[in-house]
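Report on the structure given below.
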Amino acid sequence: MYINQQQNSRIRPRIVIIGGGFAGINLANKLKKAPVDILLLDKHNYHTFQPLLYQVAMGAIAADSIAFPIRRIFTKQDNFSFCLAYVKQINPENNTLTTSIGEVPYDYLVIATGSNTNFFGNKEIAHYAMPMKNVPEALNLRGLILQHLEKATVTLDPQEREALMTFAVVGGGPTGVELSGALAEMRKLVLMKDYHGLSKHDMRVYIFEGKDRLLGAMSENASKKAKKYLSANDVRIYNSVHVESYDGLTLKIDDGMTIKTRNVFWAAGVMGEVPQGMSSAVINKASRIETNEINRVKGYQNIFAIGDVSAIISGEYPNGHPGVAPAAIQQGQWLAKNLMHLVNKEATEPFVYKDKGTLATIGRNKAVADIGKFHFGGFFAWLLWGFVHIMSLAGFSSKTAVFLSWAIKYFTKNSDNRLIIRNFNTETRMVEAEQ
């Protein structure tokens, strides 16, 4: 299939998907036997299992164990093609995309670009705080943590050591809670074992959340248990507060609190990653593209949006469906059916989200679960969390690698993945080339 193949020279409809996340991958897979040509474009050649990014950041697992080559996923799918490309512009007037590899025509376009970190317009925080939405960012965060622990072992300045050993997580959703729990676990099990001269009492972990409780999207029971587990591991929890500023050393909170820290990890919000060319009238305040009940972008006939970047506004979901993997997977699979209905000139079916539950882990042997009417926590929830995540990974090799890493970590209470592969410059916030 030629990338610049003209529309009038094709027999089968071409469906172009932007983004190889959960939504895009599942859409393409569901169209495996359909009489269409599928072209998937992504700026990375791999699919990332984002729920485990924080474990890469903490050195619990290797980065390549949660990233799987897109081409390998579709090796046996004859109607599928992939191109490594960055989409610069959508041109709805002539059904083409302007990309880093040239003009790409489409019959149906599906935007599945996911979300990115939302710093709410604060450029200083965006520069100094550490996001974690992709593998490179997770590796940056890992490098920063390990570099600062190394500096803390040799600095003679007690105030600088305190700042290096103070970790602030902003955002009390699943990512923030899981990251805080992992930091507390490292302090308890690893710090004094590997970093001689440092004490677990030197390391402080904070979590700041704007809502009045942690895990605001989960049940009250899950929220209380998460707070209990984190508090038991000496994580300092602050609710109903917001970050005012952070300059790389001083973190200011709107309740008047000020702490000195070199480590601020941002898990406070996300925004849709919308390509250029879409009408501003269909993009809401959260930078999500508003669609109708079949994920068709309002005002367009052949452009669709699924996953985190899309928002089906309804009474039950006034802000769109939650930005979680199950919602993206279901939308991708559902849209595949509706695209075939459209190709065959059949009636479409409105998307119906089936909430299969939510899980969040809070360190070793502790997790919380909301599964339908059942709300529970502890060791069984932790086992369930591990099983679900292992089974959701793409590829047998990834499943095996993560399972073995977890098994070794569980029995040794340590990890072999805490490597400083590349130096992260804390001023420029960029990776430095090897000397």
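Every chain in the structure tokens has a letter given in the order shown (A, B, ...), and although residue numbers restart at 1 in each chain, ligands are simply numbered from 1 in the order shown.
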Practice problem: Name the residues in contact with A:Lys260 at a cut-off of 8 Å, using only C-alpha atoms, excluding same-chain residues fewer than 4 positions from it; report them as a VMD selection string. | Solution: chain A and resid 162 to 163 166 249 to 251
Practice problem: Could you give me the residues within stretch 172-336 of chain A that DSSP places in strand (DSSP E), as a ChimeraX atom specification? | Solution: /A:204-209,235-239,243-246,250-253,258-260,263-266,270-272,289-291,303-305,310-312
Exercise. Would you please work out which residue, of A:Ile18, A:Ala369, A:Ile70, A:Ala126, is nearest to A:Gly307 when using only C-alpha atoms?
Key: A:Ile18
Exercise. Just the helix (DSSP H, G or I) stuff from stretch 271-386 of chain A, please, per backbone DSSP, written as a ChimeraX atom specification.
Key: /A:280-282,307-309,325-343,379-386
Produce a table with one row for each residue of stretch 51-146 of chain A that has an atom at most 7 Å from any atom of stretch 413-435 of chain A, each row naming the nearest atom pair and its distance in Å at one decimal; use only C-alpha atoms; arrange rows by chain and rising residue number; format as CSV.
residue,atom,partner,partner_atom,distance
A:Gly59,CA,A:Arg418,CA,4.5
A:Ala60,CA,A:Ser415,CA,5.8
A:Ile61,CA,A:Asn417,CA,6.1
A:Ala62,CA,A:Asn417,CA,6.0
A:Asn140,CA,A:Phe424,CA,6.3
A:Gly143,CA,A:Ile420,CA,5.4
A:Leu144,CA,A:Phe424,CA,6.2
A:Leu146,CA,A:Ile420,CA,6.8
Quiz item: What is the distance, in Å and to one decimal place, between atom CA of A:Asp254 and atom CA of A:Phe167?
Solution: 18.1 Å
Mind running stretch 267-291 of chain A against stretch 190-213 of chain A at 12 Å and telling me each contacting residue's nearest atom pair with the distance in Å (one decimal), counting only C-alpha atoms, chain and number ascending, as a tab-separated table?
residue	atom	partner	partner_atom	distance
A:Ala267	CA	A:Glu209	CA	9.5
A:Ala268	CA	A:Glu209	CA	7.6
A:Gly269	CA	A:Gly210	CA	10.5
Self-check item: Shell around A:Phe68 at 9 Å using only C-alpha atoms, local window under 3 positions removed, as a PyMOL selection string
Solution: chain A and resi 45-49+64-65+71-73+393-395+398
